[in-house]
Structure formats: C-alpha cells, structure tokens
>>> print(open('entry.cif').read())   # mmCIF, N, CA, C and O atoms
data_my_file
#
loop_
_atom_site.label_atom_id
_atom_site.label_comp_id
_atom_site.auth_asym_id
_atom_site.auth_seq_id
_atom_site.Cartn_x
_atom_site.Cartn_y
_atom_site.Cartn_z
N MET L 1 2.51 6.37 4.80
CA MET L 1 2.34 5.28 5.73
C MET L 1 0.95 5.35 6.37
O MET L 1 0.28 4.33 6.52
N ARG L 2 0.54 6.57 6.69
CA ARG L 2 -0.81 6.71 7.28
C ARG L 2 -1.89 6.28 6.29
O ARG L 2 -2.83 5.58 6.66
N ALA L 3 -1.75 6.68 5.04
CA ALA L 3 -2.73 6.27 4.02
C ALA L 3 -2.70 4.76 3.81
O ALA L 3 -3.75 4.13 3.63
N ASN L 4 -1.52 4.17 3.86
CA ASN L 4 -1.38 2.72 3.70
C ASN L 4 -2.19 1.98 4.77
O ASN L 4 -2.98 1.09 4.46
N PHE L 5 -2.01 2.36 6.02
CA PHE L 5 -2.72 1.66 7.09
C PHE L 5 -4.21 1.99 7.14
O PHE L 5 -5.01 1.16 7.53
N GLU L 6 -4.56 3.19 6.70
CA GLU L 6 -5.98 3.50 6.59
C GLU L 6 -6.63 2.57 5.56
O GLU L 6 -7.71 2.01 5.78
N PHE L 7 -5.97 2.40 4.43
CA PHE L 7 -6.46 1.52 3.37
C PHE L 7 -6.52 0.07 3.83
O PHE L 7 -7.52 -0.63 3.62
N ILE L 8 -5.47 -0.39 4.50
CA ILE L 8 -5.43 -1.76 5.02
C ILE L 8 -6.59 -2.00 5.99
O ILE L 8 -7.26 -3.03 5.94
N ASN L 9 -6.82 -1.04 6.87
CA ASN L 9 -7.93 -1.17 7.82
C ASN L 9 -9.28 -1.23 7.12
O ASN L 9 -10.14 -2.02 7.49
N LYS L 10 -9.47 -0.38 6.11
CA LYS L 10 -10.73 -0.38 5.38
C LYS L 10 -10.98 -1.70 4.66
O LYS L 10 -12.11 -2.15 4.54
N LEU L 11 -9.90 -2.33 4.19
CA LEU L 11 -10.01 -3.61 3.51
C LEU L 11 -10.19 -4.78 4.49
O LEU L 11 -10.57 -5.87 4.09
N GLY L 12 -9.85 -4.55 5.75
CA GLY L 12 -9.92 -5.62 6.74
C GLY L 12 -8.77 -6.61 6.62
O GLY L 12 -8.88 -7.76 7.05
N VAL L 13 -7.67 -6.16 6.05
CA VAL L 13 -6.49 -7.01 5.87
C VAL L 13 -5.67 -6.99 7.15
O VAL L 13 -5.57 -5.97 7.82
N ASP L 14 -5.08 -8.13 7.52
CA ASP L 14 -4.29 -8.16 8.76
C ASP L 14 -2.79 -8.35 8.53
O ASP L 14 -2.03 -8.53 9.46
N LYS L 15 -2.34 -8.31 7.27
CA LYS L 15 -0.91 -8.44 6.95
C LYS L 15 -0.52 -7.36 5.96
O LYS L 15 -1.33 -6.89 5.16
N TRP L 16 0.75 -6.99 5.99
CA TRP L 16 1.29 -6.08 4.99
C TRP L 16 2.74 -6.43 4.73
O TRP L 16 3.38 -7.12 5.52
N CYS L 17 3.26 -6.02 3.59
CA CYS L 17 4.63 -6.34 3.17
C CYS L 17 5.32 -5.05 2.72
O CYS L 17 4.67 -4.10 2.31
N PHE L 18 6.65 -5.06 2.77
CA PHE L 18 7.36 -3.86 2.34
C PHE L 18 8.81 -4.17 1.98
O PHE L 18 9.39 -5.14 2.44
N HIS L 19 9.36 -3.31 1.12
CA HIS L 19 10.80 -3.22 0.89
C HIS L 19 11.27 -2.00 1.66
O HIS L 19 10.58 -0.97 1.68
N ASP L 20 12.44 -2.09 2.27
CA ASP L 20 12.94 -0.99 3.08
C ASP L 20 12.98 0.34 2.34
O ASP L 20 12.51 1.35 2.84
N ARG L 21 13.49 0.36 1.13
CA ARG L 21 13.61 1.61 0.39
C ARG L 21 12.29 2.08 -0.21
O ARG L 21 12.18 3.22 -0.64
N ASP L 22 11.29 1.24 -0.22
CA ASP L 22 9.98 1.68 -0.68
C ASP L 22 9.24 2.47 0.39
O ASP L 22 8.39 3.29 0.07
N ILE L 23 9.57 2.22 1.66
CA ILE L 23 8.88 2.94 2.73
C ILE L 23 9.74 4.05 3.34
O ILE L 23 9.21 4.94 4.01
N ALA L 24 11.06 4.01 3.11
CA ALA L 24 11.94 5.03 3.66
C ALA L 24 13.01 5.37 2.63
O ALA L 24 13.64 4.47 2.08
N PRO L 25 13.23 6.64 2.38
CA PRO L 25 14.16 7.03 1.32
C PRO L 25 15.63 6.84 1.71
O PRO L 25 15.98 6.81 2.88
N ASP L 26 16.47 6.73 0.68
CA ASP L 26 17.91 6.74 0.88
C ASP L 26 18.33 8.09 1.42
O ASP L 26 17.78 9.12 1.01
N GLY L 27 19.29 8.08 2.32
CA GLY L 27 19.88 9.33 2.79
C GLY L 27 21.21 9.54 2.08
O GLY L 27 21.58 8.79 1.18
N LYS L 28 21.94 10.54 2.53
CA LYS L 28 23.25 10.82 1.94
C LYS L 28 24.31 9.83 2.41
O LYS L 28 25.31 9.62 1.74
N THR L 29 24.07 9.22 3.58
CA THR L 29 24.99 8.22 4.14
C THR L 29 24.18 7.01 4.59
O THR L 29 22.96 7.09 4.71
N LEU L 30 24.87 5.92 4.88
CA LEU L 30 24.19 4.74 5.39
C LEU L 30 23.52 5.05 6.73
O LEU L 30 22.39 4.62 6.98
N GLU L 31 24.19 5.83 7.57
CA GLU L 31 23.63 6.18 8.87
C GLU L 31 22.33 6.98 8.72
O GLU L 31 21.36 6.73 9.43
N GLU L 32 22.32 7.93 7.80
CA GLU L 32 21.11 8.73 7.57
C GLU L 32 20.00 7.85 6.99
O GLU L 32 18.83 7.98 7.36
N THR L 33 20.37 6.96 6.08
CA THR L 33 19.40 6.03 5.49
C THR L 33 18.78 5.14 6.57
O THR L 33 17.57 4.94 6.60
N ASN L 34 19.62 4.62 7.45
CA ASN L 34 19.12 3.78 8.55
C ASN L 34 18.22 4.57 9.49
O ASN L 34 17.20 4.04 9.97
N ALA L 35 18.56 5.82 9.75
CA ALA L 35 17.72 6.67 10.60
C ALA L 35 16.36 6.90 9.95
O ALA L 35 15.33 6.89 10.63
N ASN L 36 16.35 7.08 8.64
CA ASN L 36 15.07 7.23 7.91
C ASN L 36 14.21 5.99 8.09
O ASN L 36 13.01 6.08 8.35
N LEU L 37 14.83 4.82 7.95
CA LEU L 37 14.08 3.57 8.11
C LEU L 37 13.58 3.42 9.54
O LEU L 37 12.43 3.04 9.76
N ASP L 38 14.42 3.72 10.52
CA ASP L 38 14.00 3.64 11.92
C ASP L 38 12.77 4.50 12.19
O ASP L 38 11.83 4.08 12.88
N GLU L 39 12.77 5.71 11.64
CA GLU L 39 11.65 6.63 11.85
C GLU L 39 10.36 6.08 11.25
O GLU L 39 9.30 6.10 11.88
N VAL L 40 10.44 5.56 10.04
CA VAL L 40 9.24 5.05 9.37
C VAL L 40 8.77 3.74 10.02
O VAL L 40 7.57 3.53 10.17
N VAL L 41 9.69 2.89 10.42
CA VAL L 41 9.31 1.64 11.09
C VAL L 41 8.61 1.94 12.41
O VAL L 41 7.62 1.30 12.76
N ALA L 42 9.10 2.94 13.14
CA ALA L 42 8.44 3.32 14.40
C ALA L 42 7.01 3.80 14.13
O ALA L 42 6.07 3.43 14.85
N LEU L 43 6.82 4.57 13.08
CA LEU L 43 5.49 5.03 12.71
C LEU L 43 4.61 3.84 12.30
O LEU L 43 3.46 3.74 12.71
N ALA L 44 5.17 2.92 11.54
CA ALA L 44 4.41 1.74 11.10
C ALA L 44 3.97 0.90 12.30
O ALA L 44 2.83 0.43 12.35
N LYS L 45 4.87 0.71 13.25
CA LYS L 45 4.51 -0.06 14.45
C LYS L 45 3.35 0.60 15.19
O LYS L 45 2.45 -0.07 15.69
N GLU L 46 3.38 1.92 15.26
CA GLU L 46 2.30 2.66 15.92
C GLU L 46 0.99 2.51 15.15
O GLU L 46 -0.06 2.24 15.74
N LEU L 47 1.04 2.64 13.84
CA LEU L 47 -0.16 2.61 13.02
C LEU L 47 -0.76 1.21 12.85
O LEU L 47 -1.97 1.08 12.71
N GLN L 48 0.08 0.20 12.87
CA GLN L 48 -0.45 -1.16 12.66
C GLN L 48 -1.20 -1.69 13.87
O GLN L 48 -2.00 -2.61 13.75
N GLY L 49 -0.97 -1.10 15.02
CA GLY L 49 -1.68 -1.53 16.23
C GLY L 49 -1.39 -2.97 16.56
O GLY L 49 -0.32 -3.49 16.28
N SER L 50 -2.37 -3.64 17.13
CA SER L 50 -2.16 -5.02 17.58
C SER L 50 -2.74 -6.06 16.63
O SER L 50 -2.46 -7.23 16.78
N LYS L 51 -3.53 -5.62 15.65
CA LYS L 51 -4.16 -6.63 14.79
C LYS L 51 -3.52 -6.76 13.41
O LYS L 51 -3.75 -7.74 12.72
N ILE L 52 -2.73 -5.81 12.99
CA ILE L 52 -2.06 -5.89 11.69
C ILE L 52 -0.58 -6.20 11.92
O ILE L 52 0.05 -5.58 12.76
N ARG L 53 -0.06 -7.14 11.17
CA ARG L 53 1.33 -7.55 11.32
C ARG L 53 2.00 -7.62 9.95
O ARG L 53 1.34 -7.93 8.95
N PRO L 54 3.29 -7.38 9.90
CA PRO L 54 3.98 -7.53 8.62
C PRO L 54 4.09 -9.01 8.24
O PRO L 54 4.42 -9.84 9.07
N SER L 55 3.77 -9.29 6.99
CA SER L 55 3.97 -10.64 6.48
C SER L 55 5.45 -10.83 6.16
O SER L 55 6.03 -11.87 6.45
N TRP L 56 6.05 -9.82 5.56
CA TRP L 56 7.49 -9.80 5.33
C TRP L 56 7.95 -8.37 5.09
O TRP L 56 7.20 -7.52 4.66
N GLY L 57 9.20 -8.16 5.37
CA GLY L 57 9.88 -6.91 5.07
C GLY L 57 11.28 -7.28 4.63
O GLY L 57 11.90 -8.15 5.25
N THR L 58 11.75 -6.70 3.58
CA THR L 58 13.05 -7.11 3.05
C THR L 58 13.82 -5.92 2.49
O THR L 58 13.27 -4.85 2.29
N ALA L 59 15.09 -6.15 2.25
CA ALA L 59 15.94 -5.13 1.67
C ALA L 59 15.76 -5.09 0.16
O ALA L 59 15.77 -6.13 -0.50
N GLN L 60 15.60 -3.91 -0.37
CA GLN L 60 15.45 -3.74 -1.81
C GLN L 60 16.85 -3.48 -2.39
O GLN L 60 17.41 -2.41 -2.23
N LEU L 61 17.40 -4.49 -3.03
CA LEU L 61 18.75 -4.41 -3.56
C LEU L 61 18.77 -4.44 -5.09
O LEU L 61 19.64 -5.06 -5.70
N PHE L 62 17.82 -3.76 -5.72
CA PHE L 62 17.76 -3.86 -7.18
C PHE L 62 17.41 -2.57 -7.92
O PHE L 62 17.59 -2.50 -9.11
N VAL L 63 16.92 -1.54 -7.25
CA VAL L 63 16.50 -0.33 -7.96
C VAL L 63 17.60 0.72 -8.03
O VAL L 63 17.83 1.32 -9.07
N HIS L 64 18.30 0.93 -6.93
CA HIS L 64 19.32 1.98 -6.89
C HIS L 64 20.43 1.68 -7.91
O HIS L 64 20.85 0.54 -8.05
N PRO L 65 20.92 2.71 -8.60
CA PRO L 65 21.97 2.49 -9.61
C PRO L 65 23.23 1.79 -9.09
O PRO L 65 23.88 1.07 -9.84
N HIS L 66 23.57 1.97 -7.80
CA HIS L 66 24.78 1.28 -7.34
C HIS L 66 24.61 -0.23 -7.28
O HIS L 66 25.58 -0.96 -7.11
N TYR L 67 23.38 -0.72 -7.46
CA TYR L 67 23.13 -2.16 -7.52
C TYR L 67 22.96 -2.67 -8.95
O TYR L 67 22.42 -3.75 -9.16
N MET L 68 23.44 -1.91 -9.93
CA MET L 68 23.22 -2.31 -11.32
C MET L 68 23.86 -3.65 -11.67
O MET L 68 23.41 -4.33 -12.58
N HIS L 69 24.86 -4.06 -10.92
CA HIS L 69 25.48 -5.37 -11.14
C HIS L 69 25.16 -6.33 -10.01
O HIS L 69 25.86 -7.31 -9.79
N GLY L 70 24.11 -6.02 -9.30
CA GLY L 70 23.71 -6.86 -8.18
C GLY L 70 24.07 -6.22 -6.85
O GLY L 70 24.89 -5.32 -6.78
N GLY L 71 23.43 -6.69 -5.80
CA GLY L 71 23.73 -6.22 -4.46
C GLY L 71 24.61 -7.25 -3.76
O GLY L 71 25.82 -7.12 -3.68
N ALA L 72 23.98 -8.31 -3.32
CA ALA L 72 24.71 -9.38 -2.63
C ALA L 72 25.53 -10.21 -3.61
O ALA L 72 26.35 -11.02 -3.19
N THR L 73 25.35 -10.00 -4.91
CA THR L 73 26.12 -10.75 -5.91
C THR L 73 27.17 -9.88 -6.59
O THR L 73 27.85 -10.34 -7.50
N SER L 74 27.29 -8.63 -6.15
CA SER L 74 28.24 -7.72 -6.79
C SER L 74 29.68 -8.11 -6.50
O SER L 74 30.03 -8.52 -5.39
N SER L 75 30.51 -7.97 -7.53
CA SER L 75 31.94 -8.23 -7.33
C SER L 75 32.65 -7.00 -6.78
O SER L 75 33.82 -7.07 -6.40
N GLU L 76 31.97 -5.88 -6.71
CA GLU L 76 32.52 -4.64 -6.15
C GLU L 76 32.35 -4.68 -4.63
O GLU L 76 31.24 -4.69 -4.12
N LEU L 77 33.47 -4.73 -3.93
CA LEU L 77 33.45 -4.90 -2.48
C LEU L 77 32.62 -3.84 -1.75
O LEU L 77 31.85 -4.16 -0.85
N GLY L 78 32.73 -2.59 -2.16
CA GLY L 78 31.97 -1.53 -1.50
C GLY L 78 30.47 -1.70 -1.67
O GLY L 78 29.70 -1.47 -0.73
N VAL L 79 30.05 -2.12 -2.84
CA VAL L 79 28.63 -2.35 -3.09
C VAL L 79 28.15 -3.55 -2.28
O VAL L 79 27.09 -3.52 -1.66
N TYR L 80 28.94 -4.60 -2.28
CA TYR L 80 28.59 -5.81 -1.51
C TYR L 80 28.46 -5.48 -0.02
O TYR L 80 27.50 -5.89 0.63
N ALA L 81 29.42 -4.71 0.51
CA ALA L 81 29.39 -4.35 1.93
C ALA L 81 28.17 -3.48 2.25
O ALA L 81 27.52 -3.67 3.28
N TYR L 82 27.85 -2.54 1.37
CA TYR L 82 26.68 -1.68 1.58
C TYR L 82 25.41 -2.52 1.56
O TYR L 82 24.52 -2.35 2.39
N ALA L 83 25.33 -3.45 0.61
CA ALA L 83 24.16 -4.34 0.52
C ALA L 83 24.03 -5.17 1.80
O ALA L 83 22.92 -5.35 2.33
N ALA L 84 25.14 -5.69 2.30
CA ALA L 84 25.11 -6.49 3.53
C ALA L 84 24.62 -5.64 4.71
O ALA L 84 23.81 -6.10 5.52
N ALA L 85 25.07 -4.40 4.79
CA ALA L 85 24.61 -3.51 5.86
C ALA L 85 23.13 -3.19 5.72
O ALA L 85 22.40 -3.12 6.71
N GLN L 86 22.67 -3.04 4.48
CA GLN L 86 21.25 -2.76 4.24
C GLN L 86 20.39 -3.96 4.64
O GLN L 86 19.35 -3.80 5.28
N VAL L 87 20.84 -5.16 4.30
CA VAL L 87 20.11 -6.38 4.69
C VAL L 87 20.08 -6.51 6.21
O VAL L 87 19.04 -6.82 6.79
N LYS L 88 21.21 -6.27 6.87
CA LYS L 88 21.27 -6.35 8.33
C LYS L 88 20.25 -5.41 8.97
O LYS L 88 19.52 -5.79 9.89
N LYS L 89 20.16 -4.20 8.45
CA LYS L 89 19.21 -3.22 9.01
C LYS L 89 17.77 -3.65 8.76
O LYS L 89 16.91 -3.51 9.64
N ALA L 90 17.49 -4.20 7.59
CA ALA L 90 16.14 -4.68 7.30
C ALA L 90 15.76 -5.82 8.24
O ALA L 90 14.62 -5.90 8.71
N ILE L 91 16.70 -6.69 8.54
CA ILE L 91 16.45 -7.78 9.49
C ILE L 91 16.15 -7.22 10.87
O ILE L 91 15.21 -7.64 11.54
N GLU L 92 16.94 -6.25 11.29
CA GLU L 92 16.73 -5.64 12.60
C GLU L 92 15.35 -4.99 12.69
O GLU L 92 14.71 -5.03 13.74
N ALA L 93 14.89 -4.41 11.59
CA ALA L 93 13.63 -3.66 11.60
C ALA L 93 12.42 -4.52 11.92
O ALA L 93 11.51 -4.08 12.60
N ARG L 94 12.38 -5.78 11.47
CA ARG L 94 11.17 -6.59 11.66
C ARG L 94 11.43 -8.03 12.06
O ARG L 94 10.70 -8.61 12.86
N PHE L 95 12.40 -8.63 11.44
CA PHE L 95 12.55 -10.07 11.54
C PHE L 95 12.77 -10.56 12.97
O PHE L 95 12.13 -11.51 13.40
N LEU L 96 13.64 -9.91 13.70
CA LEU L 96 13.93 -10.37 15.06
C LEU L 96 12.70 -10.26 15.95
O LEU L 96 12.43 -11.13 16.78
N GLU L 97 11.92 -9.20 15.77
CA GLU L 97 10.69 -9.02 16.54
C GLU L 97 9.70 -10.15 16.24
O GLU L 97 9.05 -10.69 17.13
N THR L 98 9.62 -10.53 14.99
CA THR L 98 8.72 -11.60 14.56
C THR L 98 9.15 -12.95 15.14
O THR L 98 8.30 -13.74 15.58
N ILE L 99 10.44 -13.19 15.18
CA ILE L 99 10.94 -14.45 15.73
C ILE L 99 10.59 -14.57 17.22
O ILE L 99 10.14 -15.61 17.67
N VAL L 100 10.78 -13.51 17.95
CA VAL L 100 10.47 -13.53 19.38
C VAL L 100 8.98 -13.78 19.60
O VAL L 100 8.60 -14.57 20.47
N ALA L 101 8.14 -13.14 18.81
CA ALA L 101 6.69 -13.35 18.95
C ALA L 101 6.32 -14.81 18.65
O ALA L 101 5.52 -15.41 19.37
N TYR L 102 6.93 -15.38 17.62
CA TYR L 102 6.63 -16.77 17.27
C TYR L 102 7.13 -17.72 18.36
O TYR L 102 6.46 -18.67 18.73
N LYS L 103 8.30 -17.44 18.89
CA LYS L 103 8.87 -18.25 19.96
C LYS L 103 7.91 -18.30 21.14
O LYS L 103 7.64 -19.36 21.70
N LYS L 104 7.37 -17.15 21.51
CA LYS L 104 6.42 -17.09 22.62
C LYS L 104 5.13 -17.83 22.28
O LYS L 104 4.57 -18.53 23.12
N LYS L 105 4.68 -17.69 21.05
CA LYS L 105 3.44 -18.34 20.62
C LYS L 105 3.52 -19.85 20.72
O LYS L 105 2.56 -20.49 21.15
N ILE L 106 4.66 -20.43 20.36
CA ILE L 106 4.78 -21.89 20.38
C ILE L 106 5.31 -22.41 21.71
O ILE L 106 5.45 -23.61 21.90
N GLY L 107 5.61 -21.50 22.64
CA GLY L 107 6.08 -21.90 23.96
C GLY L 107 7.52 -22.36 24.02
O GLY L 107 7.91 -23.10 24.92
N PHE L 108 8.33 -21.92 23.06
CA PHE L 108 9.74 -22.31 23.04
C PHE L 108 10.50 -21.55 24.11
O PHE L 108 10.39 -20.34 24.21
N ASN L 109 11.27 -22.25 24.94
CA ASN L 109 12.01 -21.61 26.02
C ASN L 109 13.51 -21.62 25.81
O ASN L 109 14.26 -21.31 26.73
N GLY L 110 13.99 -22.00 24.66
CA GLY L 110 15.44 -22.10 24.39
C GLY L 110 16.06 -20.79 24.08
O GLY L 110 15.48 -19.75 24.00
#
>>> encode(input="entry.cif", output="structure tokens")
Amino acid sequence: MRANFEFINKLGVDKWCFHDRDIAPDGKTLEETNANLDEVVALAKELQGSKIRPSWGTAQLFVHPHYMHGGATSSELGVYAYAAAQVKKAIEARFLETIVAYKKKIGFNG
C-alpha cells in the first residue's frame, strides 16, 4: 500500500481503484477477512491524504475457488450469503464515505 501511494504521488494521479481482496487477504473466517480489510483501508486513508481519492472500490467475487460458479449468482446459499457479506463490507469501506462527501459538495441537506 505504501509503494502504491508513493507511485501514485510520483505520477501526480489523484484517483485510485481497488478490489477488496487485492488489497487485503482472505482470513480463515469472514470476521478475520473483514478485520484485514479494515486495517488496510485505515492505512490507505492515512496514505492518500487529502488530495488522492478512490475512484471506486469493489468486492472481488471471481478469483477465490468458492466463487467458481459465481458469487452473487451462485445457487449455493452459503456462497451467495458470503458474497453478500463481502459486498456489504466493501460498500462500508468506501462507498458511504464517498456519498457523504458528495452530498456536502452539492449542498444536499436531505
């Protein structure tokens, strides 16, 4: 993550993108996996400072073997539920923060 932001700064880029599992590894449980993501997202927020912002961040539901038949399209209930939890965590990591910032930017008070 440190090398990523050093490179971004050298290029003068103000946006970056990520998949959750590309920046934080799977743990043995969903809770451990989410804790890994929380730790890396906190570091990313620190390193990006005030001038670099994520363009998008999303859940990677295609590389892990348990997604071989799809994540959100899987007919296996356990896989579908895990994918839904992974998407929820990815949304929590960036999306809600971005919405609040945009709301303030456009002066929306609703």
>>> closest_residue(input="entry.cif", among="L:Leu11, L:Val40, L:Ala35, L:Leu61", to="Val79 (chain L)", atoms="only C-alpha atoms")
L:Leu61
>>> atom_distance(input="entry.cif", atom1="CA of Lys89 (chain L)", atom2="atom O of Phe5 (chain L)")
24.7 Å
>>> atom_distance(input="entry.cif", atom1="CA of Ala42 (chain L)", atom2="atom O of Gly71 (chain L)")
27.2 Å
>>> residues_near_point(input="entry.cif", point="(-4.1, -9.2, 11.1)", cutoff="12 Å", atoms="only C-alpha atoms", output="list in words")
Phe5, Ile8, Asn9, Leu11, Gly12, Val13, Asp14, Lys15, Trp16, Gln48, Gly49, Ser50, Lys51, Ile52, Arg53, Pro54 and Ser55 of chain L
>>> atom_distance(input="entry.cif", atom1="atom O of Trp56 (chain L)", atom2="atom O of Ala90 (chain L)")
8.6 Å
>>> closest_residue(input="entry.cif", among="L:Glu6, L:Ala59, L:His66, L:Glu31", to="Tyr80 (chain L)", atoms="all atoms listed in the file")
L:His66
>>> select_by_dssp(input="entry.cif", residues="region 20-61 of chain L", states="helix (DSSP H, G or I)", output="PyMOL selection string")
chain L and resi 20-23+30-48
>>> residues_near_point(input="entry.cif", point="(17.8, 6.0, 5.1)", cutoff="5 Å", atoms="only N, CA, C and O atoms", output="PyMOL selection string")
chain L and resi 25-27+32-37
>>> axis_aligned_box(input="entry.cif", around="region 27-38 of chain L", padding_each_side="4 Å", output="AutoDock Vina command-line options")
--center_x 18.6 --center_y 6.9 --center_z 7.0 --size_x 21.5 --size_y 15.8 --size_z 19.7
>>> resolve_selection(input="entry.cif", expression="the PyMOL selection byres (((chain L and resi 72 and name CA) around 12) and name CA)", output="VMD selection string")
chain L and resid 59 to 62 66 to 71 73 to 88
>>> select_by_dssp(input="entry.cif", residues="region 7-105 of chain L", states="strand (DSSP E or B)", output="count of residues only")
11
>>> closest_residue(input="entry.cif", among="L:Thr58, L:Leu47, L:Arg2, L:Glu97", to="Cys17 (chain L)", atoms="all atoms listed in the file")
L:Thr58
>>> decode(input="entry.cif", residues="region 88-108 of chain L", atoms="N, CA, C and O atoms", output="JSON list (two decimals), in the first residue's frame")
[["chain", "number", "residue", "atom", "x", "y", "z"],
["L", 88, "LYS", "N", -21.25, -6.13, 1.17],
["L", 88, "LYS", "CA", -21.64, -5.19, 2.22],
["L", 88, "LYS", "C", -20.42, -4.54, 2.85],
["L", 88, "LYS", "O", -20.37, -3.32, 3.05],
["L", 89, "LYS", "N", -19.40, -5.34, 3.13],
["L", 89, "LYS", "CA", -18.18, -4.81, 3.75],
["L", 89, "LYS", "C", -17.44, -3.88, 2.79],
["L", 89, "LYS", "O", -16.93, -2.83, 3.21],
["L", 90, "ALA", "N", -17.40, -4.23, 1.52],
["L", 90, "ALA", "CA", -16.75, -3.35, 0.54],
["L", 90, "ALA", "C", -17.48, -2.01, 0.45],
["L", 90, "ALA", "O", -16.85, -0.96, 0.33],
["L", 91, "ILE", "N", -18.79, -2.03, 0.51],
["L", 91, "ILE", "CA", -19.57, -0.79, 0.50],
["L", 91, "ILE", "C", -19.25, 0.04, 1.73],
["L", 91, "ILE", "O", -19.03, 1.25, 1.64],
["L", 92, "GLU", "N", -19.20, -0.60, 2.88],
["L", 92, "GLU", "CA", -18.88, 0.12, 4.11],
["L", 92, "GLU", "C", -17.50, 0.76, 4.04],
["L", 92, "GLU", "O", -17.30, 1.86, 4.56],
["L", 93, "ALA", "N", -16.56, 0.09, 3.40],
["L", 93, "ALA", "CA", -15.18, 0.56, 3.37],
["L", 93, "ALA", "C", -15.01, 1.90, 2.67],
["L", 93, "ALA", "O", -14.22, 2.72, 3.09],
["L", 94, "ARG", "N", -15.77, 2.18, 1.61],
["L", 94, "ARG", "CA", -15.55, 3.42, 0.85],
["L", 94, "ARG", "C", -16.82, 4.13, 0.42],
["L", 94, "ARG", "O", -16.88, 5.36, 0.41],
["L", 95, "PHE", "N", -17.78, 3.38, -0.02],
["L", 95, "PHE", "CA", -18.91, 3.97, -0.72],
["L", 95, "PHE", "C", -19.68, 4.98, 0.14],
["L", 95, "PHE", "O", -20.00, 6.07, -0.32],
["L", 96, "LEU", "N", -19.97, 4.61, 1.36],
["L", 96, "LEU", "CA", -20.76, 5.51, 2.21],
["L", 96, "LEU", "C", -20.02, 6.81, 2.48],
["L", 96, "LEU", "O", -20.61, 7.89, 2.50],
["L", 97, "GLU", "N", -18.70, 6.72, 2.67],
["L", 97, "GLU", "CA", -17.89, 7.92, 2.89],
["L", 97, "GLU", "C", -17.95, 8.84, 1.66],
["L", 97, "GLU", "O", -18.05, 10.05, 1.77],
["L", 98, "THR", "N", -17.90, 8.24, 0.49],
["L", 98, "THR", "CA", -17.95, 9.00, -0.76],
["L", 98, "THR", "C", -19.30, 9.69, -0.94],
["L", 98, "THR", "O", -19.36, 10.84, -1.38],
["L", 99, "ILE", "N", -20.36, 9.00, -0.58],
["L", 99, "ILE", "CA", -21.70, 9.59, -0.70],
["L", 99, "ILE", "C", -21.84, 10.82, 0.19],
["L", 99, "ILE", "O", -22.35, 11.85, -0.23],
["L", 100, "VAL", "N", -21.37, 10.72, 1.41],
["L", 100, "VAL", "CA", -21.46, 11.84, 2.34],
["L", 100, "VAL", "C", -20.66, 13.03, 1.81],
["L", 100, "VAL", "O", -21.12, 14.18, 1.86],
["L", 101, "ALA", "N", -19.47, 12.77, 1.28],
["L", 101, "ALA", "CA", -18.65, 13.86, 0.74],
["L", 101, "ALA", "C", -19.36, 14.53, -0.44],
["L", 101, "ALA", "O", -19.38, 15.77, -0.55],
["L", 102, "TYR", "N", -19.97, 13.74, -1.31],
["L", 102, "TYR", "CA", -20.66, 14.30, -2.47],
["L", 102, "TYR", "C", -21.89, 15.09, -2.02],
["L", 102, "TYR", "O", -22.17, 16.17, -2.54],
["L", 103, "LYS", "N", -22.61, 14.58, -1.04],
["L", 103, "LYS", "CA", -23.78, 15.27, -0.50],
["L", 103, "LYS", "C", -23.39, 16.66, -0.01],
["L", 103, "LYS", "O", -24.06, 17.65, -0.31],
["L", 104, "LYS", "N", -22.29, 16.74, 0.71],
["L", 104, "LYS", "CA", -21.81, 18.03, 1.22],
["L", 104, "LYS", "C", -21.38, 18.94, 0.07],
["L", 104, "LYS", "O", -21.65, 20.13, 0.09],
["L", 105, "LYS", "N", -20.73, 18.37, -0.92],
["L", 105, "LYS", "CA", -20.24, 19.14, -2.06],
["L", 105, "LYS", "C", -21.37, 19.82, -2.81],
["L", 105, "LYS", "O", -21.25, 20.97, -3.21],
["L", 106, "ILE", "N", -22.49, 19.11, -2.99],
["L", 106, "ILE", "CA", -23.60, 19.69, -3.76],
["L", 106, "ILE", "C", -24.59, 20.44, -2.88],
["L", 106, "ILE", "O", -25.57, 20.99, -3.38],
["L", 107, "GLY", "N", -24.34, 20.46, -1.57],
["L", 107, "GLY", "CA", -25.21, 21.19, -0.66],
["L", 107, "GLY", "C", -26.53, 20.52, -0.35],
["L", 107, "GLY", "O", -27.50, 21.18, 0.04],
["L", 108, "PHE", "N", -26.59, 19.20, -0.51],
["L", 108, "PHE", "CA", -27.83, 18.47, -0.23],
["L", 108, "PHE", "C", -28.04, 18.36, 1.27],
["L", 108, "PHE", "O", -27.13, 17.96, 1.99]]
